[in-house]
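Colleague: The structure under discussion is supplied below as structure tokens; questions concerning it will follow.
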Amino acid sequence: MSSATKASRIGEELWKTRVDKVNAELVTLTYGTIVAQLCQDYDGNYHEVNKQLEKMGYNIGMRLIEDFLAKSNVGRCANFRETADMISKVGFRIFLNIAPTVTNWTSDNNQFSLIFDENPLADFVELPDDGRAQDELWFSNILCGVLRGALEMVQMQIEAHFVSDVLRGDDTTEMRVSLVRYIEDEMPPDEE
Amino acid sequence: MVVYSFYIFDRHAECIYKRRWLPRPVSTVGSKSSRPTSEASAPGLPATLGQSARTTDDDAKLIFGTVFSLRNMARKLGGEDDNFVTYRTSQYKLHYYETPTNIKFVMLTDLKSPSMRVALQQIYINLYVEYVVKNPLSPVEHPGGIGVNNELFEESLEQFVTRVLS
Amino acid sequence: MTQPARHAAMLSISNSGPNTMAGEKQQSTQHMHTQSQPSQGLRVPSNRKTIYDRHLNRSRSAELSRASFAFLFAEMVTYAQRRVTGIQDLERRLNEQGYPLGLRLLDLLYYRTMSSSTSSSLSSSSTSASPPNRPLRILPLLHLIHGPLWRLLFNRPADALEHSVSPETPNEYMITDNDPLVNTYISVPKEMSMLNCAAFVAGIIEGVCDGCGFEAKVTAHNQPTEMWPGRTIFLLRFGESVMEREKVLERAGVK
């Protein structure tokens with residue numbers, strides 16, 4: 001059984017049996033108000049909003065990974081390809097009930113894309129028609145931060161960014177994820 | 001069985017939580033609802049307040065050094081996926097559980113105690129993740145232990161140790 | 001597609017409310033206004049995957065992880081905490097974050113209650129035929145909140161609905177939730193014991209009231225019982241204009 005199929009089964013099983021659920025619209029609309037609040041607080045500076053969303057996501061990722069591990073009880077991945085399947089088929093499944101497609105690997109197996117057919121965070125959303133938002137705002141940028149925070153906690157430094165979004169008029173929503181390095185264990189500070 | 005103490009270390013090798021229980025008086029052993037009392041050293045004080053009486057930061061540092069070395073050696077000998085689970089001395093047993101995020105849970109018990117690995121994992125899954133990680137008022141990380149020592153976590157840990165493990 | 005028009009109607013209602021915070025809150029409704037206008041200027045995907053091409057009830061019974069909500073809410077609280085001076089200020093800010101959500105949910109509630117009243121047919125043409133059943137009196141509004149709103153948000157009705165017994169405060173109503181979902185994972189430190197993060201939900205209620213044309217202030221209060229340590233009372237205080245209108249409508253026999 002391929003690691004992708006295995007991950008799919010784990011994800012489906014967990015979603016059915018281990019995940020407490022809430023109404024999806026509550027989550028969608030709550031996320032919407034967070035983005036709207038940021039747009040207001042940063043006075044329509046969408047670059048800053050992207051940055052803040054990524055930061056929030058990073059904080060969420062650092063928490064979320066613990067919930068992921070507590071629920072899934074999966075061990076360490078053997079390689080980055082396995083990690084990608086875990087993210088898509090288990091992680092996204094249990095938190096957003098979707099499984100974005102993993103594709104466009106580089107030959108060194110350090111970079112891939114996630115293609116989102118569905119994105120519950122962006123249900124009900126249309127970007128402001130101000131001539132800028134569609135060029136500047138990455139509405140779901142929080143997800144990039146979530147991946148960065150979550151993977152850092154399991155000793156992987158990654159970089160993630162969106163390259164397209166249907167909200168911007170693109171035909172797909174695609175996130176690019178690159179492995180930067182594996183992180184070594186931290187040692188206690190020297191006493192002497 | 002008796003639980004002596006319990007520690008959590010984060011990925012930065014810092015002790016973010018420690019708790020010490022003293023042996024329960026003989027008369028209350030076996031009573032399900034009994035809470036541990038600290039009769040021996042600090043009369044009148046609940047166990048939560050008595051904890052600092054003999055626990056020092058040095059204890060935590062020694063314990064971290066011990067489990068960190070043992071875990072690394074176990075991995076060297078048995079491969080990356082090997083884990084050290086417990087060791088015992090003539091006085092106590094130390095139980096160890098580590099998450100893939102490098103959080104380390106350590107519990108010291110008497111020698112009669114069975115393996116506490118599952119118990120430690122339950123503390124992680126049902127108490128730490130639910131009451132510390134998901135608590136919006138706890139910071140994401142816990143320098144100096146802030147956020148771990150919240151009421152929900154401490155109370156449920158107390159219950160877990162006194163009711164479930166006794 | 002009747003939705004944008006109804007949005008506009010709702011906006012005019014909420015804008016006319018003599019609300020002291022109206023200035024601030026109007027901004028967020030305006031913002032939403034821009035978002036919900038169909039426009040010529042926006043690019044759309046060639047496969048037409050836009051909100052107008054997908055059914056509004058598509059996510060009606062969809063579910064997501066409760067943890068996802070908890071994490072988002074946690075970040076909302078953390079973000080709000082960075083910019084506040086104290087507990088009251090934090091609650092005010094959480095309330096403000098809930099408010100626009102209330103306005104939006106109201107639309108969804110109208111749409112859904114109408115869809116279900118036209119039974120089997122869920123097409124948008126049939127919904128435009130009947131006028132929106134907007135509550136005119138306080139009691140139907142409270143029932144809308146206690147029942148449909150709570151069910152939409154939390155999959156169950158609220159636990160109690162009461163009117164103030166004091167003759168001095170006939171404008172006060174209380175909605176009780178024994179175990180608010182938003183507080184599930186929150187352990188409030190002793191020094192902040194007054195804090196109730198369900199202020200966010202209070203904001204949602206306020207948005208719904210305002211959107212219906214009932215100016216109100218809504219606050220969340222801890223009222224723990226032994227059985228329900230997280231029990232929360234949402235106190236709704238309706239404005240004078242609402243109470244006066246209420247009297248007029250009562251005399252006119254409007255229900």
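Ordered as shown in the structure tokens, chains take letters A, B, and onward, while each chain numbers its residues from 1 and ligands are numbered from 1 in the order shown.
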Among region 71-187 of chain C, which residues does DSSP mark as helix (DSSP H, G or I) when it is run on the backbone? Keep the chain and numbering as in the structure and answer as a JSON list (two decimals) with C-alpha atoms, in the first residue's frame.

Modeller:
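Generated output (part-v8.json):
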[["chain", "number", "residue", "atom", "x", "y", "z"],
["C", 71, "PHE", "CA", -7.48, 27.43, 17.33],
["C", 72, "LEU", "CA", -8.94, 30.24, 15.25],
["C", 73, "PHE", "CA", -10.79, 31.59, 18.24],
["C", 74, "ALA", "CA", -7.63, 31.35, 20.33],
["C", 75, "GLU", "CA", -5.78, 33.48, 17.78],
["C", 76, "MET", "CA", -8.62, 35.95, 17.73],
["C", 77, "VAL", "CA", -8.39, 36.26, 21.51],
["C", 78, "THR", "CA", -4.59, 36.52, 21.43],
["C", 79, "TYR", "CA", -4.72, 39.15, 18.71],
["C", 80, "ALA", "CA", -7.35, 41.12, 20.61],
["C", 81, "GLN", "CA", -5.28, 40.92, 23.80],
["C", 82, "ARG", "CA", -2.34, 42.63, 22.13],
["C", 87, "ILE", "CA", -10.58, 42.86, 30.66],
["C", 88, "GLN", "CA", -13.46, 45.14, 29.74],
["C", 89, "ASP", "CA", -11.58, 46.41, 26.74],
["C", 90, "LEU", "CA", -10.80, 42.84, 25.69],
["C", 91, "GLU", "CA", -14.46, 41.89, 25.97],
["C", 92, "ARG", "CA", -15.45, 44.97, 24.00],
["C", 93, "ARG", "CA", -13.08, 43.97, 21.24],
["C", 94, "LEU", "CA", -14.30, 40.40, 21.14],
["C", 95, "ASN", "CA", -17.82, 41.76, 21.02],
["C", 96, "GLU", "CA", -16.87, 43.91, 18.04],
["C", 97, "GLN", "CA", -15.42, 40.89, 16.26],
["C", 98, "GLY", "CA", -18.66, 38.98, 16.74],
["C", 99, "TYR", "CA", -20.89, 41.82, 15.61],
["C", 100, "PRO", "CA", -20.33, 41.62, 11.83],
["C", 101, "LEU", "CA", -20.73, 37.87, 12.08],
["C", 102, "GLY", "CA", -24.19, 38.42, 13.57],
["C", 103, "LEU", "CA", -25.18, 40.62, 10.66],
["C", 104, "ARG", "CA", -24.10, 37.98, 8.17],
["C", 105, "LEU", "CA", -25.70, 35.11, 10.03],
["C", 106, "LEU", "CA", -28.97, 36.99, 10.04],
["C", 107, "ASP", "CA", -28.97, 36.91, 6.25],
["C", 108, "LEU", "CA", -28.29, 33.23, 6.30],
["C", 109, "LEU", "CA", -31.02, 32.64, 8.88],
["C", 110, "TYR", "CA", -33.60, 34.55, 6.85],
["C", 111, "TYR", "CA", -32.61, 32.70, 3.75],
["C", 112, "ARG", "CA", -32.76, 29.33, 5.44],
["C", 113, "THR", "CA", -35.98, 29.83, 7.39],
["C", 114, "MET", "CA", -37.63, 30.92, 4.18],
["C", 115, "SER", "CA", -36.19, 28.06, 2.19],
["C", 116, "SER", "CA", -37.51, 25.59, 4.68],
["C", 117, "SER", "CA", -40.95, 27.23, 4.79],
["C", 124, "SER", "CA", -33.93, 31.02, -5.27],
["C", 125, "SER", "CA", -36.91, 32.03, -7.40],
["C", 126, "SER", "CA", -39.35, 30.59, -4.91],
["C", 127, "THR", "CA", -37.67, 32.31, -1.99],
["C", 138, "ILE", "CA", -38.86, 41.50, 20.94],
["C", 139, "LEU", "CA", -40.16, 38.04, 21.75],
["C", 140, "PRO", "CA", -39.99, 36.58, 18.23],
["C", 141, "LEU", "CA", -36.50, 38.08, 17.92],
["C", 142, "LEU", "CA", -35.42, 36.37, 21.12],
["C", 143, "HIS", "CA", -36.88, 33.09, 19.91],
["C", 144, "LEU", "CA", -34.96, 33.50, 16.66],
["C", 145, "ILE", "CA", -31.76, 33.85, 18.68],
["C", 146, "HIS", "CA", -32.51, 31.18, 21.24],
["C", 147, "GLY", "CA", -33.54, 28.63, 18.61],
["C", 148, "PRO", "CA", -32.43, 28.97, 14.97],
["C", 149, "LEU", "CA", -29.34, 31.10, 15.59],
["C", 150, "TRP", "CA", -28.05, 28.84, 18.35],
["C", 151, "ARG", "CA", -28.77, 25.77, 16.25],
["C", 152, "LEU", "CA", -26.95, 27.22, 13.27],
["C", 153, "LEU", "CA", -23.92, 28.07, 15.38],
["C", 154, "PHE", "CA", -23.82, 25.33, 17.97],
["C", 181, "LEU", "CA", -18.73, 26.10, 22.88],
["C", 182, "VAL", "CA", -16.36, 29.04, 22.62],
["C", 183, "ASN", "CA", -15.24, 28.58, 26.23]]

Colleague: My list of candidates is C:Glu244, C:Glu63, C:Glu162, C:Glu168. Which is closest to chain A when distances are computed with only C-alpha atoms?

Modeller: C:Glu63

Colleague: Give one line per residue of region 102-146 of chain B that approaches region 53-76 of chain B to at most 10 Å, naming the two atoms of the closest pair and their distance in Å to one decimal, counting only C-alpha atoms; sort by chain then ascending residue number and deliver it as a Markdown table.

Modeller:
| residue | atom | partner | partner_atom | distance |
| --- | --- | --- | --- | --- |
| B:Lys104 | CA | B:Phe64 | CA | 8.8 |
| B:Phe105 | CA | B:Val67 | CA | 10.0 |
| B:Val106 | CA | B:Ile63 | CA | 8.4 |

Colleague: Determine, for each residue of chain C having at least one atom at most 6 Å from an atom of chain A, the closest pair of atoms and their separation in Å to one decimal, counting only C-alpha atoms; order by chain and ascending number, as a tab-separated table.

Modeller:
residue	atom	partner	partner_atom	distance
C:Thr34	CA	A:Pro128	CA	5.6
C:Gln35	CA	A:Pro128	CA	4.8
C:Arg43	CA	A:Gly169	CA	4.6
C:Val44	CA	A:Gly169	CA	4.0
C:Pro45	CA	A:Gly169	CA	4.3
C:Ile51	CA	A:Phe124	CA	5.7
C:Ala62	CA	A:Ala24	CA	5.4
C:Glu63	CA	A:Ala24	CA	4.4
C:Leu64	CA	A:Ala24	CA	4.9
C:Ser65	CA	A:Lys21	CA	4.6
C:Arg66	CA	A:Lys21	CA	4.8
C:Ser68	CA	A:Phe95	CA	5.7
C:Phe69	CA	A:Val27	CA	5.4
C:Phe71	CA	A:Ile60	CA	5.9
C:Leu153	CA	A:Leu26	CA	5.8

Colleague: Restricting it to N, CA and C atoms, dump the selection as a PDB file, in the first residue's frame.

Modeller:
ATOM      1  N   THR C  34     -18.876  46.038   0.536  1.00  0.00           N
ATOM      2  CA  THR C  34     -18.031  45.947  -0.651  1.00  0.00           C
ATOM      3  C   THR C  34     -17.828  44.492  -1.040  1.00  0.00           C
ATOM      4  N   GLN C  35     -17.681  43.640  -0.015  1.00  0.00           N
ATOM      5  CA  GLN C  35     -17.423  42.243  -0.340  1.00  0.00           C
ATOM      6  C   GLN C  35     -18.602  41.567  -1.015  1.00  0.00           C
ATOM      7  N   ARG C  43     -11.938  39.765 -11.203  1.00  0.00           N
ATOM      8  CA  ARG C  43     -11.651  38.643 -12.106  1.00  0.00           C
ATOM      9  C   ARG C  43     -12.294  37.377 -11.539  1.00  0.00           C
ATOM     10  N   VAL C  44     -12.770  36.532 -12.402  1.00  0.00           N
ATOM     11  CA  VAL C  44     -13.328  35.263 -11.927  1.00  0.00           C
ATOM     12  C   VAL C  44     -12.628  34.121 -12.640  1.00  0.00           C
ATOM     13  N   PRO C  45     -12.527  32.963 -11.978  1.00  0.00           N
ATOM     14  CA  PRO C  45     -11.883  31.817 -12.619  1.00  0.00           C
ATOM     15  C   PRO C  45     -12.675  31.385 -13.849  1.00  0.00           C
ATOM     16  N   ILE C  51     -18.729  32.458  -5.553  1.00  0.00           N
ATOM     17  CA  ILE C  51     -19.811  32.246  -4.585  1.00  0.00           C
ATOM     18  C   ILE C  51     -21.179  32.273  -5.252  1.00  0.00           C
ATOM     19  N   ALA C  62     -22.542  20.932   6.579  1.00  0.00           N
ATOM     20  CA  ALA C  62     -21.125  20.569   6.581  1.00  0.00           C
ATOM     21  C   ALA C  62     -20.546  20.744   7.980  1.00  0.00           C
ATOM     22  N   GLU C  63     -19.541  19.938   8.260  1.00  0.00           N
ATOM     23  CA  GLU C  63     -18.910  20.036   9.572  1.00  0.00           C
ATOM     24  C   GLU C  63     -17.414  20.192   9.439  1.00  0.00           C
ATOM     25  N   LEU C  64     -16.836  20.859  10.418  1.00  0.00           N
ATOM     26  CA  LEU C  64     -15.377  20.938  10.492  1.00  0.00           C
ATOM     27  C   LEU C  64     -14.969  20.579  11.912  1.00  0.00           C
ATOM     28  N   SER C  65     -13.689  20.462  12.106  1.00  0.00           N
ATOM     29  CA  SER C  65     -13.197  20.063  13.411  1.00  0.00           C
ATOM     30  C   SER C  65     -13.424  21.162  14.446  1.00  0.00           C
ATOM     31  N   ARG C  66     -13.860  20.749  15.620  1.00  0.00           N
ATOM     32  CA  ARG C  66     -14.047  21.705  16.699  1.00  0.00           C
ATOM     33  C   ARG C  66     -12.708  22.337  17.093  1.00  0.00           C
ATOM     34  N   SER C  68     -10.326  23.115  15.071  1.00  0.00           N
ATOM     35  CA  SER C  68     -10.028  24.198  14.134  1.00  0.00           C
ATOM     36  C   SER C  68     -10.669  25.491  14.604  1.00  0.00           C
ATOM     37  N   PHE C  69     -11.915  25.369  15.049  1.00  0.00           N
ATOM     38  CA  PHE C  69     -12.572  26.563  15.569  1.00  0.00           C
ATOM     39  C   PHE C  69     -11.841  27.072  16.809  1.00  0.00           C
ATOM     40  N   PHE C  71      -8.765  26.797  17.654  1.00  0.00           N
ATOM     41  CA  PHE C  71      -7.481  27.429  17.334  1.00  0.00           C
ATOM     42  C   PHE C  71      -7.689  28.812  16.720  1.00  0.00           C
ATOM     43  N   LEU C 153     -25.283  27.925  14.884  1.00  0.00           N
ATOM     44  CA  LEU C 153     -23.918  28.070  15.382  1.00  0.00           C
ATOM     45  C   LEU C 153     -23.434  26.840  16.144  1.00  0.00           C
TER      46      LEU C 153
END

Colleague: Using only C-alpha atoms, I'd like every residue of chain B that has an atom within 12 Å of chain C; please write them out as a list in words.

Modeller: Asn126, Leu127, Tyr128, Val129, Glu130, Tyr131, Val132, Val133, Lys134, Asn135, Pro136, Leu137, Ser138, Pro139, Val140, Ile146, Gly147, Val148, Asn149, Asn150, Glu151, Leu152, Phe153, Glu154, Glu155 and Ser156 of chain B

Colleague: Output C-alpha atoms for every residue in the selection just made, as a CSV table (one decimal), in the first residue's frame.

Modeller:
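Dumped to out_7.csv:
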chain,number,residue,atom,x,y,z
B,126,ASN,CA,-6.3,14.2,27.3
B,127,LEU,CA,-4.9,16.9,29.6
B,128,TYR,CA,-2.0,18.7,28.1
B,129,VAL,CA,-3.4,19.0,24.6
B,130,GLU,CA,-7.0,19.8,25.8
B,131,TYR,CA,-6.2,22.2,28.6
B,132,VAL,CA,-2.9,23.8,27.8
B,133,VAL,CA,-2.5,23.6,24.0
B,134,LYS,CA,-6.1,24.6,23.2
B,135,ASN,CA,-6.4,27.2,25.9
B,136,PRO,CA,-6.5,30.6,24.1
B,137,LEU,CA,-5.2,32.3,27.3
B,138,SER,CA,-2.1,30.1,27.4
B,139,PRO,CA,0.8,31.2,25.3
B,140,VAL,CA,1.9,29.0,22.4
B,146,ILE,CA,3.5,30.1,32.1
B,147,GLY,CA,0.2,28.8,30.8
B,148,VAL,CA,0.8,25.2,31.9
B,149,ASN,CA,-0.1,25.9,35.5
B,150,ASN,CA,-3.7,26.8,34.7
B,151,GLU,CA,-6.6,25.6,36.9
B,152,LEU,CA,-8.2,23.2,34.4
B,153,PHE,CA,-4.9,21.4,33.8
B,154,GLU,CA,-3.8,21.2,37.4
B,155,GLU,CA,-7.2,20.0,38.6
B,156,SER,CA,-7.5,17.4,36.0

Colleague: Using only C-alpha atoms, tabulate the residues of chain B lying at most 6 Å from any atom of chain A, each with its closest atom pair and that distance in Å to one decimal, by chain and increasing residue number, as CSV.

Modeller:
residue,atom,partner,partner_atom,distance
B:His12,CA,A:Glu186,CA,5.6
B:Ala13,CA,A:Pro188,CA,5.1
B:Pro100,CA,A:Val154,CA,5.9
B:Thr101,CA,A:Val154,CA,4.8
B:Ile125,CA,A:Ala70,CA,4.9
B:Val133,CA,A:Arg63,CA,5.5

Colleague: Need the shell around Lys6 (chain A): protein/DNA/RNA residues with any atom at most 10 Å away, counting only C-alpha atoms. Skip same-chain ones fewer than 3 positions apart. Format as a PDB file with N, CA and C atoms, in the first residue's frame?

Modeller:
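Contents of part06.pdb, as written:
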ATOM      1  N   MET A   1       0.848  -1.196   0.000  1.00  0.00           N
ATOM      2  CA  MET A   1       0.000   0.000   0.000  1.00  0.00           C
ATOM      3  C   MET A   1       0.888   1.252   0.000  1.00  0.00           C
ATOM      4  N   SER A   2       0.603   2.183  -0.894  1.00  0.00           N
ATOM      5  CA  SER A   2       1.418   3.398  -0.974  1.00  0.00           C
ATOM      6  C   SER A   2       1.194   4.247   0.277  1.00  0.00           C
ATOM      7  N   SER A   3       2.150   5.125   0.537  1.00  0.00           N
ATOM      8  CA  SER A   3       2.016   5.945   1.736  1.00  0.00           C
ATOM      9  C   SER A   3       0.813   6.873   1.599  1.00  0.00           C
ATOM     10  N   ARG A   9      -6.464   6.490   4.354  1.00  0.00           N
ATOM     11  CA  ARG A   9      -7.281   5.657   5.256  1.00  0.00           C
ATOM     12  C   ARG A   9      -7.220   6.162   6.682  1.00  0.00           C
ATOM     13  N   ILE A  10      -6.003   6.500   7.119  1.00  0.00           N
ATOM     14  CA  ILE A  10      -5.865   7.021   8.487  1.00  0.00           C
ATOM     15  C   ILE A  10      -6.719   8.274   8.649  1.00  0.00           C
ATOM     16  N   GLY A  11      -6.600   9.172   7.672  1.00  0.00           N
ATOM     17  CA  GLY A  11      -7.334  10.436   7.734  1.00  0.00           C
ATOM     18  C   GLY A  11      -8.838  10.236   7.793  1.00  0.00           C
ATOM     19  N   ASP A  85       2.124  13.618   2.186  1.00  0.00           N
ATOM     20  CA  ASP A  85       0.885  12.833   2.223  1.00  0.00           C
ATOM     21  C   ASP A  85       0.192  12.960   3.576  1.00  0.00           C
ATOM     22  N   MET A  86       1.011  12.966   4.632  1.00  0.00           N
ATOM     23  CA  MET A  86       0.465  13.115   5.978  1.00  0.00           C
ATOM     24  C   MET A  86      -0.266  14.455   6.111  1.00  0.00           C
ATOM     25  N   LYS A  89      -3.494  14.312   3.537  1.00  0.00           N
ATOM     26  CA  LYS A  89      -4.538  13.296   3.701  1.00  0.00           C
ATOM     27  C   LYS A  89      -4.943  13.078   5.155  1.00  0.00           C
ATOM     28  N   VAL A  90      -4.065  13.429   6.080  1.00  0.00           N
ATOM     29  CA  VAL A  90      -4.442  13.291   7.485  1.00  0.00           C
ATOM     30  C   VAL A  90      -4.691  14.668   8.103  1.00  0.00           C
TER      31      VAL A  90
END

Colleague: Which residues come within 6 Å of region 210-218 of chain C, counting only C-alpha atoms, excluding same-chain residues fewer than 4 positions away, as a compact mmCIF listing (two decimals) with N, CA and C atoms, in the first residue's frame?

Modeller:
# COMPACT_ATOMS: atom_id res chain seq x y z
N ILE C 13 -30.86 49.19 7.54
CA ILE C 13 -31.45 49.03 8.87
C ILE C 13 -30.38 49.24 9.94
N SER C 14 -29.27 48.55 9.76
CA SER C 14 -28.27 48.62 10.82
C SER C 14 -27.62 50.00 10.89
N LEU C 103 -24.50 40.05 11.82
CA LEU C 103 -25.18 40.62 10.66
C LEU C 103 -25.25 39.62 9.52
N ALA C 202 -21.72 37.28 22.44
CA ALA C 202 -22.56 38.44 22.75
C ALA C 202 -22.56 39.41 21.56
N GLU C 206 -25.63 40.74 19.32
CA GLU C 206 -25.85 42.17 19.11
C GLU C 206 -25.99 42.47 17.63
N LEU C 235 -26.73 38.88 28.60
CA LEU C 235 -27.69 39.90 29.03
C LEU C 235 -27.94 40.84 27.86
N LEU C 236 -29.20 40.90 27.43
CA LEU C 236 -29.57 41.79 26.33
C LEU C 236 -30.30 42.99 26.90
N ARG C 237 -29.76 44.18 26.65
CA ARG C 237 -30.44 45.41 27.08
C ARG C 237 -30.88 46.17 25.85
N PHE C 238 -32.19 46.23 25.66
CA PHE C 238 -32.69 46.93 24.47
C PHE C 238 -32.75 48.43 24.72
N GLY C 239 -32.54 49.18 23.68
CA GLY C 239 -32.54 50.64 23.79
C GLY C 239 -33.95 51.18 23.99

Colleague: May I have the residues within 8 Å of region 135-137 of chain C as a list of chain:residue names, using only C-alpha atoms and disregarding those fewer than 6 positions away in the same chain?

Modeller: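 The neighbour list is C:Cys212, C:Glu246, C:Leu249, C:Val254, C:Lys255.
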